[in-house]
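Below: one structure, written as structure tokens.
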There are 2 protein chains.
Amino acid sequence: MPDDFERMWGDLAPVGLSRASGGYFRQPFTSPERELSAWFVEQCETRGLRVETDSYGNVVAWWDVPAATGPGVLTGSHLDSVLDGGAYDGPLGVVSALAAVDLLRSRGFVPARPIGVSVFVEEEGSRFGLACLGSRLAVGSTSWSDARSLRDRDGVALGDVVEGGSSSLLSSVGTFVELHVEQGRDLVDRGAAVGVASEIWPHGRYRFEFTGAANHAGTTRMEDRADPMLTYAFTALGANKQARLAGQRATFGRVSVEPNGTNAVPSRVTAWLDARCSSDSGLRDLVAAISGQATERAGRDGTSLAVTAESVSASVSFDPALAAAVAADHGVGDWPIIATQAGHDAGVLSAAGIPTAMLFVRNPTGVSHSPLEHAEIADCLVGVSALADTLERLTR
Amino acid sequence: MPDDFERMWGDLAPVGLSRASGGYFRQPFTSPERELSAWFVEQCETRGLRVETDSYGNVVAWWDVPAATGPGVLTGSHLDSVLDGGAYDGPLGVVSALAAVDLLRSRGFVPARPIGVSVFVEEEGSRFGLACLGSRLAVGSTSWSDARSLRDRDGVALGDVVEGGSSSLLSSVGTFVELHVEQGRDLVDRGAAVGVASEIWPHGRYRFEFTGAANHAGTTRMEDRADPMLTYAFTALGANKQARLAGQRATFGRVSVEPNGTNAVPSRVTAWLDARCSSDSGLRDLVAAISGQATERAGRDGTSLAVTAESVSASVSFDPALAAAVAADHGVGDWPIIATQAGHDAGVLSAAGIPTAMLFVRNPTGVSHSPLEHAEIADCLVGVSALADTLERLTR
């Protein structure tokens, strides 16, 4: 079984890897991500799992056994990455799901309920801007009519790359379990290889468009400018300060400048705020404070500001009884139950009313969305074992 | 003659025009810029001018007359634009040069020295990053061995698009005169249609690379980050303040973020400073102050900073006797002699020891490097007439 995990992990290692950075570029419906998706289908077929896909590119593969009836237990994650991301965010949950099925079979376990393994597309929102896009479409919390016109940075619409329309992929799912690399240092600090999720912080993406007036960078006096770069810079510093003081999170990680020439005052700076808070009202207050300061500064700079919420995900509390059952009694004591600030497909399925649990695997660097993201093989194998135990408990 | 000018202006109007912004995209060796260059050669040939080109793509066309001997008088400008630039910056000087030749011929004037019209490539540095690239190569102040490996944003090297190697295009040039749209409001304030340049402020382009550590935008606590966006934002605001207080210029108009994902703290922010001052020592002090503040802030942010001067142009004082002669006695009094903060091929030729003068045509908006850049036709025709008078005085 350890061999299975490491062999599968080795299959994925070169796909979408940047030799320059050591990070991954696995954007949805690009060649590396499609290669991973094809690999997943092949792995499922090799195991005799029954593969189903929907019109959005999501995949579920069922372990059919004659004795298994009733609503199924689904486990899996995603295969796409952020731009220049780590190896573990997503793929660890997919490979662990396949390895857990292998482990259950090697134990001779026969489930009384169907077990499925899944991959949802565009979890990171790195291409079409809306995180958990595949799972949102699968549960119907985002409609196809809204999503089909989402465009990537090259202007390609989602409707151009997938057929879209509907999904019945989750109609027989009773429970969802997602295993994921931890994206902070909570498990490191607790000295635990595995943890269970209690909740996901509310979070959102907001597009800030700062508009000024292009002009010559040499001949235009400083006092005659309407430079949107200044309004943006002030806003980025202010957002950081607001979040720091409140113990929340605010990040400007993506910026686009027009015309982006060295010798021209920009006409427009577009920047995306990622904000996360421990409560829904806290998130509203944080974004309002950042927007308010930015608008006030725009008035002083002679620029203007438009703020658009591209996606907002409310707080998710995972089923507490399920979390407690997953965490309890593993011979080495209960696993810790911890909150996360990261969004996941598990949050989308939970919000749609499907009882859901998450397992986290310790990340020694605490770093994620970066080539430095890591998990030790030994911890990954504890994760596989924990996931197999969980599936066994839920389908016994 | 007015008809000639307006007809030629009409030829150029659609080439490289963005219908969305009303601005021009005429980057060197791209299809619109090559179309303009071919148009220029055709216009020269139509007038019986003898066309010479060099291995960099620069063009000079000579009005050969038997009586014309000795070093020639060259006039012209450039046809490339900044990204989303105006119609006048460059092309006004080229079209005016051709129209001035037409005007001199219509006056029956026969020059005693050769008159040439010229176009230098990549004046804006919008593609390969080094402003006045064509004229620098033509006079030899930049070597081909340094320039050939300059790369554009897509990684294409200058050596891939031009043969390069040497130029003897300026060997018979004794004087250079460049007509250019004004890029500020000095002539508007003075109520003059035309002015003459006294000097060009020293100016430079400096690449600031802020390096931090990529991480998850949700799970990473604000105090655990090394976010280069913050160091950049602080630096952009600081540069503006330093320049404002000193009456100088400092602009960050171009920014590139890696990996540029909404949900990731960036690993690197690269930003280009355009700085201009009234003295060489002032420029050194300004850049040192901005770099020093940025480095100090990087220490606090846990990031690092590398500053590279991509090009620095020292102060240029145009030949005072030539400027006075060009400005003097036009029936409506002398034209004003004014300084500019904008770099020009004329500055490069002047620095290389060629006596050089510049004529500016009034710009009612004062705006440049923008779709709002403008000159009234009546002022353009005064410019053509002034240029013809100047050529006549210099070649009588």
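In the structure tokens, chains take letters A, B, ... by order of appearance, with residues numbered from 1 within each chain and ligands from 1 in the order shown.
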In range 167-319 of chain A, DSSP alpha helix (DSSP H) residues written as a ChimeraX atom specification: /A:186-190,228-246,280-301
Contacts of Arg148 in chain A within 12 Å, only C-alpha atoms, excl. fewer than 3 positions in-chain, as a ChimeraX atom specification: /A:55-56,128,130,133-134,137,142-145,151-152,156-166
Give me a file of those residues, with N, CA and C atoms, as a compact mmCIF listing (two decimals), in the first residue's frame.
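Written out: part.txt:
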# COMPACT_ATOMS: atom_id res chain seq x y z
N SER A 55 -21.29 17.54 -17.12
CA SER A 55 -21.05 18.43 -18.26
C SER A 55 -20.04 19.54 -17.92
N TYR A 56 -19.60 19.60 -16.65
CA TYR A 56 -18.63 20.62 -16.24
C TYR A 56 -17.20 20.08 -16.15
N PHE A 128 -10.90 31.08 -13.97
CA PHE A 128 -12.14 31.81 -14.23
C PHE A 128 -12.56 32.68 -13.03
N LEU A 130 -13.59 32.24 -10.01
CA LEU A 130 -14.53 31.83 -8.97
C LEU A 130 -14.04 30.52 -8.37
N LEU A 133 -15.44 26.35 -8.35
CA LEU A 133 -16.39 26.50 -9.45
C LEU A 133 -17.08 25.16 -9.78
N GLY A 134 -16.29 24.09 -9.88
CA GLY A 134 -16.86 22.79 -10.25
C GLY A 134 -17.86 22.29 -9.22
N LEU A 137 -21.11 24.39 -9.21
CA LEU A 137 -21.99 24.03 -10.33
C LEU A 137 -22.64 22.67 -10.06
N THR A 142 -24.07 27.75 -7.74
CA THR A 142 -23.83 28.70 -8.83
C THR A 142 -24.54 28.15 -10.06
N SER A 143 -25.26 29.02 -10.77
CA SER A 143 -26.02 28.54 -11.93
C SER A 143 -25.15 28.59 -13.18
N TRP A 144 -25.46 27.71 -14.11
CA TRP A 144 -24.73 27.69 -15.38
C TRP A 144 -24.93 28.99 -16.14
N SER A 145 -26.08 29.59 -16.04
CA SER A 145 -26.32 30.84 -16.77
C SER A 145 -25.41 31.95 -16.25
N ARG A 151 -14.91 34.72 -17.72
CA ARG A 151 -13.82 34.70 -18.70
C ARG A 151 -12.46 34.61 -18.01
N ASP A 152 -11.52 33.93 -18.67
CA ASP A 152 -10.16 33.89 -18.14
C ASP A 152 -9.40 35.13 -18.61
N VAL A 156 -11.18 33.99 -22.84
CA VAL A 156 -11.90 32.76 -23.16
C VAL A 156 -13.00 32.54 -22.11
N ALA A 157 -14.21 32.26 -22.57
CA ALA A 157 -15.33 32.05 -21.64
C ALA A 157 -15.39 30.59 -21.20
N LEU A 158 -15.89 30.36 -19.98
CA LEU A 158 -16.07 28.99 -19.49
C LEU A 158 -16.94 28.20 -20.46
N GLY A 159 -17.95 28.88 -21.02
CA GLY A 159 -18.84 28.22 -21.98
C GLY A 159 -18.15 27.78 -23.25
N ASP A 160 -16.94 28.32 -23.49
CA ASP A 160 -16.18 27.90 -24.68
C ASP A 160 -15.39 26.62 -24.43
N VAL A 161 -15.14 26.30 -23.16
CA VAL A 161 -14.27 25.15 -22.89
C VAL A 161 -15.02 23.95 -22.29
N VAL A 162 -16.20 24.16 -21.72
CA VAL A 162 -17.01 23.00 -21.29
C VAL A 162 -18.42 23.14 -21.85
N GLU A 163 -19.05 21.98 -22.00
CA GLU A 163 -20.41 21.98 -22.55
C GLU A 163 -21.38 22.64 -21.56
N GLY A 164 -21.28 22.19 -20.29
CA GLY A 164 -22.09 22.80 -19.23
C GLY A 164 -23.57 22.50 -19.36
N GLY A 165 -24.32 22.91 -18.32
CA GLY A 165 -25.77 22.78 -18.38
C GLY A 165 -26.35 22.15 -17.13
N SER A 166 -25.86 20.97 -16.78
CA SER A 166 -26.45 20.32 -15.61
C SER A 166 -25.51 19.25 -15.07
Test item: residues at most 10 Å from Thr365 in chain B, only C-alpha atoms, excluding those fewer than 6 positions along its chain, as a PyMOL selection string: chain B and resi 182-185+188+372-375
Strand (DSSP E or B) per DSSP on the backbone: members of range 171-368 of chain A, as a count of residues only: 72
Residue contacts of range 335-347 of chain B (7 Å, only C-alpha atoms) excluding same-chain residues fewer than 2 positions away, as JSON, numbers by chain: {"A": [218, 219], "B": [123, 132, 135, 178, 194, 195, 196, 197, 198, 199, 200, 201, 276, 316, 327, 328, 333, 349, 350, 351, 356]}
Could you dump the residues just selected with N, CA and C atoms as a tab-separated table (two decimals), in the first residue's frame?
chain	number	residue	atom	x	y	z
A	218	GLY	N	7.28	61.99	-17.49
A	218	GLY	CA	8.33	62.98	-17.30
A	218	GLY	C	7.81	64.40	-17.24
A	219	THR	N	6.91	64.73	-18.15
A	219	THR	CA	6.54	66.13	-18.30
A	219	THR	C	5.36	66.54	-17.41
B	123	GLU	N	11.96	54.57	-30.15
B	123	GLU	CA	12.30	55.75	-29.36
B	123	GLU	C	11.72	55.64	-27.95
B	132	CYS	N	15.05	55.45	-26.86
B	132	CYS	CA	15.97	55.98	-27.89
B	132	CYS	C	16.95	54.90	-28.35
B	135	SER	N	18.44	55.45	-32.05
B	135	SER	CA	19.43	56.53	-32.17
B	135	SER	C	20.68	56.22	-31.34
B	178	GLU	N	14.79	68.21	-34.55
B	178	GLU	CA	13.62	67.37	-34.33
B	178	GLU	C	12.44	68.23	-33.91
B	194	VAL	N	4.57	77.64	-31.05
B	194	VAL	CA	5.82	76.89	-31.24
B	194	VAL	C	6.84	77.37	-30.22
B	195	GLY	N	7.71	76.44	-29.79
B	195	GLY	CA	8.82	76.80	-28.90
B	195	GLY	C	10.06	76.04	-29.32
B	196	VAL	N	11.18	76.41	-28.71
B	196	VAL	CA	12.48	75.79	-29.01
B	196	VAL	C	13.04	75.24	-27.70
B	197	ALA	N	13.70	74.08	-27.79
B	197	ALA	CA	14.19	73.42	-26.58
B	197	ALA	C	15.51	74.00	-26.11
B	198	SER	N	15.63	74.21	-24.81
B	198	SER	CA	16.91	74.61	-24.22
B	198	SER	C	17.67	73.39	-23.70
B	199	GLU	N	16.97	72.50	-23.04
B	199	GLU	CA	17.65	71.37	-22.40
B	199	GLU	C	16.65	70.24	-22.14
B	200	ILE	N	17.20	69.04	-21.91
B	200	ILE	CA	16.40	67.89	-21.47
B	200	ILE	C	16.87	67.52	-20.07
B	201	TRP	N	15.89	67.38	-19.18
B	201	TRP	CA	16.24	66.96	-17.81
B	201	TRP	C	16.92	65.59	-17.85
B	276	ARG	N	13.01	61.66	-13.06
B	276	ARG	CA	13.56	62.78	-13.84
B	276	ARG	C	13.79	63.96	-12.91
B	316	VAL	N	20.95	67.03	-20.94
B	316	VAL	CA	21.36	67.47	-22.29
B	316	VAL	C	21.06	68.96	-22.42
B	327	ALA	N	15.13	80.21	-32.87
B	327	ALA	CA	14.01	80.89	-32.22
B	327	ALA	C	13.81	82.32	-32.68
B	328	ALA	N	14.86	82.92	-33.25
B	328	ALA	CA	14.85	84.37	-33.44
B	328	ALA	C	14.03	84.82	-34.64
B	333	GLY	N	7.87	87.94	-33.35
B	333	GLY	CA	8.75	87.91	-32.18
B	333	GLY	C	9.44	86.57	-32.08
B	349	LEU	N	21.51	62.41	-30.03
B	349	LEU	CA	22.41	62.95	-31.06
B	349	LEU	C	23.21	64.13	-30.51
B	350	SER	N	22.56	64.96	-29.70
B	350	SER	CA	23.26	66.10	-29.10
B	350	SER	C	24.39	65.62	-28.20
B	351	ALA	N	24.09	64.61	-27.37
B	351	ALA	CA	25.11	64.08	-26.46
B	351	ALA	C	26.26	63.45	-27.23
B	356	THR	N	22.40	70.13	-32.34
B	356	THR	CA	21.01	69.68	-32.43
B	356	THR	C	20.07	70.74	-31.87
